[in-house]
Amino acid sequence: MKIMITGGAGFIGSNLVRMALGDGHEVLNLDALTYAGNLGSLQDIADHDRYRFARVDITDADAVENVMQSFQPDAVMHLAAESHVDRSIDGPGQFIQTNVIGTFNLLQSARRHHATLDSEAAAKFRFLHVSTDEVYGSLGEDGLFTETTPYDPHSPYSASKASSDHLARAWQDTYGLPVLVTNCSNNYGPYQFPEKLIPVVILKCLRGEPIPVYGRGENIRDWLFVEDHCRALLSVVERGAPGQTYNIGGNNELKNIDLVKMLCELMDELAPESSGPHSSASSLITFVQDRPGHDLRYAIDASKIRRELGWEPTENVTSGFRKTVRWYLENESWWQEILNGDYRLDRLGHA
Ligand code: NAD
Ligand code: TDX
């Protein structure tokens with residue numbers, strides 16, 4: 001397949017580009033390279049003969065249209081987004097621009113492109129909109145999010161994602177664009193930008209700095225290894241039924257404070273020199289002011305995608321956290337370039 005992946009220079013996108021190429025697909029990565037985009041995450045495949053990169057901002061409708069027309073994709077996998085909840089609280093405007101207007105531009109371009117295809121190609125075309133479990137709001141102590149859980153977003157980020165999910169479904173219902181929507185739980189793994197909880201903890205440990213835990217660390221998230229998510233996304237684009245939604249989750253619920261302690265133990269084992277011979281990394285844990293509107297608990301019922309597409313996660317947190325910590329230990333230059341800002345220079349040395 002010829003797949004246009006938006007946001008392919010981000011955390012999930014870069015893992016997805018690599019996996020799609022490995023599966024034999026042709027990939028066009030469309031990405032604006034915001035602070036979260038990093039071509040250094042794709043250095044190993046940059047010269048692959050089935051890979052191309054286009055620096056395009058999805059809020060620019062004409063630029064999106066040009067790439068859509070020149071690439072002529074069989075499928076669009078739309079991941080480009082502003083993705084960090086704390087940033088959405090500090091500055092919601094860009095979240096509306098990228099997540100809502102940008103998704104609208106892509107849907108419009110995909111719709112025009114779809115209309116030019118012959119009937120066989122049009123029937124096979126797919127637009128996969130990648131979204132989050134945060135659109136469902138917060139769970140109490142019991143229950144799981146299913147595909148029919150009503151939307152109840154609380155942060156500017158989740159409200160903007162909810163809005164884009166509704167747009168995507170409306171383009172299926174109104175214009176017959178073959179749209180699929182996935183709602184996934186918290187991802188972790190290689191190439192995650194060090195603003196999200198897991199890389200924050202690992203890098204704070206390595207630098208001997210306080211590990212900020214919001215509130216009392218009682219909030220619960222359901223953690224999924226990023227490559228399991230990418231495998232699910234490729235299954236959905238290849239075999240999912242247009243018009244359907246699939247929830248994707250790791251069945252790995254953890255309280256934040258328990259997660260942080262698990263990571264600290266791993267750091268004590270795998271990088272003991274960072275916290276000194278006699279102290280544990282857990283001594284760095286520092287409770288800080290809570291996030292406003294902080295959702296208590298997310299947990300996914302992923303039985304539909306398991307039943308219909310045969311997808312299941314391969315990693316649990318024990319194996320996945322170990323892989324992730326090892327990756328950050330072995331790829332110091334990747335995160336050092338982010339910490340010192342050099343990752344914003346492109347590979348030709350321009351800012
Ligand atoms: P990320 O922040 O790491 O990457 C986002 C990418 O999108 C970056 O490469 C950035 O340059 C690009 N981008 C941002 N604005 C753009 C614009 N206007 N035009 C073009 N490109 C732009 O995000 P991520 O964690 O990889 O998440 C990818 C997608 O998956 C998002 O849609 C997010 O909502 C969704 N999601 C993420 C998680 C998670 O735990 N990370 C969970 C569920 C769903
Ligand atoms: O320093 C921190 N301390 C802390 O206690 C950070 C960065 C986070 N937290 C808490 C807040 C959350 O309860 O940890 C939990 C996870 O926080 P994030 O890593 O910011 O993720 P979250 O807000 O749950 O959202 C993530 O998962 C769903 C992604 O950022 C979203 O893009 C995705 O949709």
# chains A, B, ... in the order shown; residues from 1 in each chain; ligands from 1

$ residues_around --residues "Cys184 (chain A)" --least-positions-apart "3" --cutoff "7 Å" --atoms "only C-alpha atoms" --output "PyMOL selection string"
chain A and resi 131-133+247-249

$ closest_atom_pairs --of "region 78-161 of chain A" --to "region 172-180 of chain A" --cutoff "12 Å" --atoms "only C-alpha atoms" --output "Markdown table"
| residue | atom | partner | partner_atom | distance |
| --- | --- | --- | --- | --- |
| A:His78 | CA | A:Leu180 | CA | 10.4 |
| A:Leu106 | CA | A:Leu177 | CA | 11.7 |
| A:Leu107 | CA | A:Leu177 | CA | 8.4 |
| A:Gln108 | CA | A:Leu177 | CA | 9.7 |
| A:Ser109 | CA | A:Leu177 | CA | 10.8 |
| A:Ala110 | CA | A:Leu177 | CA | 7.9 |
| A:Arg111 | CA | A:Leu177 | CA | 6.1 |
| A:Arg112 | CA | A:Leu177 | CA | 9.6 |
| A:His113 | CA | A:Leu177 | CA | 10.0 |
| A:His114 | CA | A:Leu177 | CA | 7.2 |
| A:Ala115 | CA | A:Leu177 | CA | 8.9 |
| A:Leu117 | CA | A:Leu177 | CA | 11.8 |
| A:Ala121 | CA | A:Pro178 | CA | 11.4 |
| A:Ala122 | CA | A:Pro178 | CA | 8.5 |
| A:Ala123 | CA | A:Pro178 | CA | 7.8 |
| A:Lys124 | CA | A:Pro178 | CA | 8.3 |
| A:Phe125 | CA | A:Pro178 | CA | 6.5 |
| A:Arg126 | CA | A:Pro178 | CA | 5.2 |
| A:Phe127 | CA | A:Val179 | CA | 4.7 |
| A:Leu128 | CA | A:Leu180 | CA | 4.7 |
| A:His129 | CA | A:Leu180 | CA | 6.1 |
| A:Val130 | CA | A:Leu180 | CA | 8.5 |
| A:Ser131 | CA | A:Leu180 | CA | 10.4 |

$ residues_near_ligand --ligand "ligand 2" --cutoff "9 Å" --atoms "only C-alpha atoms and all ligand atoms" --output "PyMOL selection string"
chain A and resi 81-86+131-135+157-158+161+183-188+194-201+211-223+255-257+260+287-288+290-291+294-298

$ write_last_selection --atoms "C-alpha atoms" --output "short mmCIF file (atom, residue, chain, number, x, y, z; two decimals), in the first residue's frame"
data_model
loop_
_atom_site.label_atom_id
_atom_site.label_comp_id
_atom_site.auth_asym_id
_atom_site.auth_seq_id
_atom_site.Cartn_x
_atom_site.Cartn_y
_atom_site.Cartn_z
CA ALA A 81 -1.47 16.38 16.57
CA GLU A 82 -0.58 18.51 19.51
CA SER A 83 -0.46 15.70 22.06
CA HIS A 84 0.54 16.95 25.52
CA VAL A 85 -2.21 17.67 28.06
CA ASP A 86 -0.12 20.11 30.17
CA SER A 131 -7.21 9.16 18.69
CA THR A 132 -7.10 8.71 22.41
CA ASP A 133 -9.06 7.16 25.27
CA GLU A 134 -9.06 10.62 26.94
CA VAL A 135 -12.12 11.56 24.85
CA TYR A 157 -6.33 18.39 24.45
CA SER A 158 -9.04 15.75 24.86
CA LYS A 161 -9.31 15.22 19.91
CA ASN A 183 -8.95 5.30 20.55
CA CYS A 184 -5.85 4.19 22.39
CA SER A 185 -4.56 4.28 25.95
CA ASN A 186 -1.21 5.73 27.12
CA ASN A 187 1.73 4.64 24.99
CA TYR A 188 5.34 4.28 26.10
CA PRO A 194 10.81 13.75 27.39
CA GLU A 195 7.74 15.70 28.49
CA LYS A 196 5.59 12.57 29.02
CA LEU A 197 5.64 10.72 32.34
CA ILE A 198 7.84 7.71 31.54
CA PRO A 199 10.75 9.51 29.81
CA VAL A 200 10.47 12.27 32.45
CA VAL A 201 11.07 9.69 35.20
CA ILE A 211 10.85 13.32 39.85
CA PRO A 212 7.60 15.36 39.77
CA VAL A 213 4.52 13.30 40.67
CA TYR A 214 1.28 15.25 40.30
CA GLY A 215 -1.02 15.33 43.35
CA ARG A 216 -0.58 12.12 45.37
CA GLY A 217 0.15 9.94 42.34
CA GLU A 218 -3.23 8.21 42.72
CA ASN A 219 -4.29 8.64 39.07
CA ILE A 220 -4.47 5.47 37.00
CA ARG A 221 -3.47 4.99 33.35
CA ASP A 222 -3.54 1.88 31.13
CA TRP A 223 -0.09 1.49 29.55
CA LYS A 255 -1.37 4.05 39.62
CA ASN A 256 1.16 6.74 38.68
CA ILE A 257 3.01 6.37 41.97
CA VAL A 260 7.18 5.63 39.15
CA PHE A 287 4.90 15.30 45.01
CA VAL A 288 3.98 18.53 43.19
CA ASP A 290 -1.82 18.50 40.68
CA ARG A 291 -2.78 19.02 37.03
CA HIS A 294 -6.76 15.72 36.16
CA ASP A 295 -8.74 12.63 35.06
CA LEU A 296 -8.63 9.94 37.75
CA ARG A 297 -8.64 6.72 35.78
CA TYR A 298 -8.50 5.50 32.18
#

$ select_by_dssp --residues "region 52-173 of chain A" --states "alpha helix (DSSP H)" --output "PyMOL selection string"
chain A and resi 61-71+85-90+93-95+103-116+119-124+156-173

$ closest_residue --among "A:Ala54, A:Met4, A:Ala9, A:Leu263" --to "ligand 1" --atoms "only C-alpha atoms and all ligand atoms"
A:Ala9

$ atom_distance --atom1 "CA of Ala75 (chain A)" --atom2 "CA of Ile3 (chain A)"
4.9 Å

$ residues_around --residues "Gln97 (chain A)" --least-positions-apart "6" --cutoff "9 Å" --atoms "only C-alpha atoms" --output "list in words"
Ile58, Thr59 and Thr103 of chain A

$ atom_distance --atom1 "CA of Ile12 (chain A)" --atom2 "atom 42 (C, counted along the ligand's line) of ligand 1"
8.3 Å
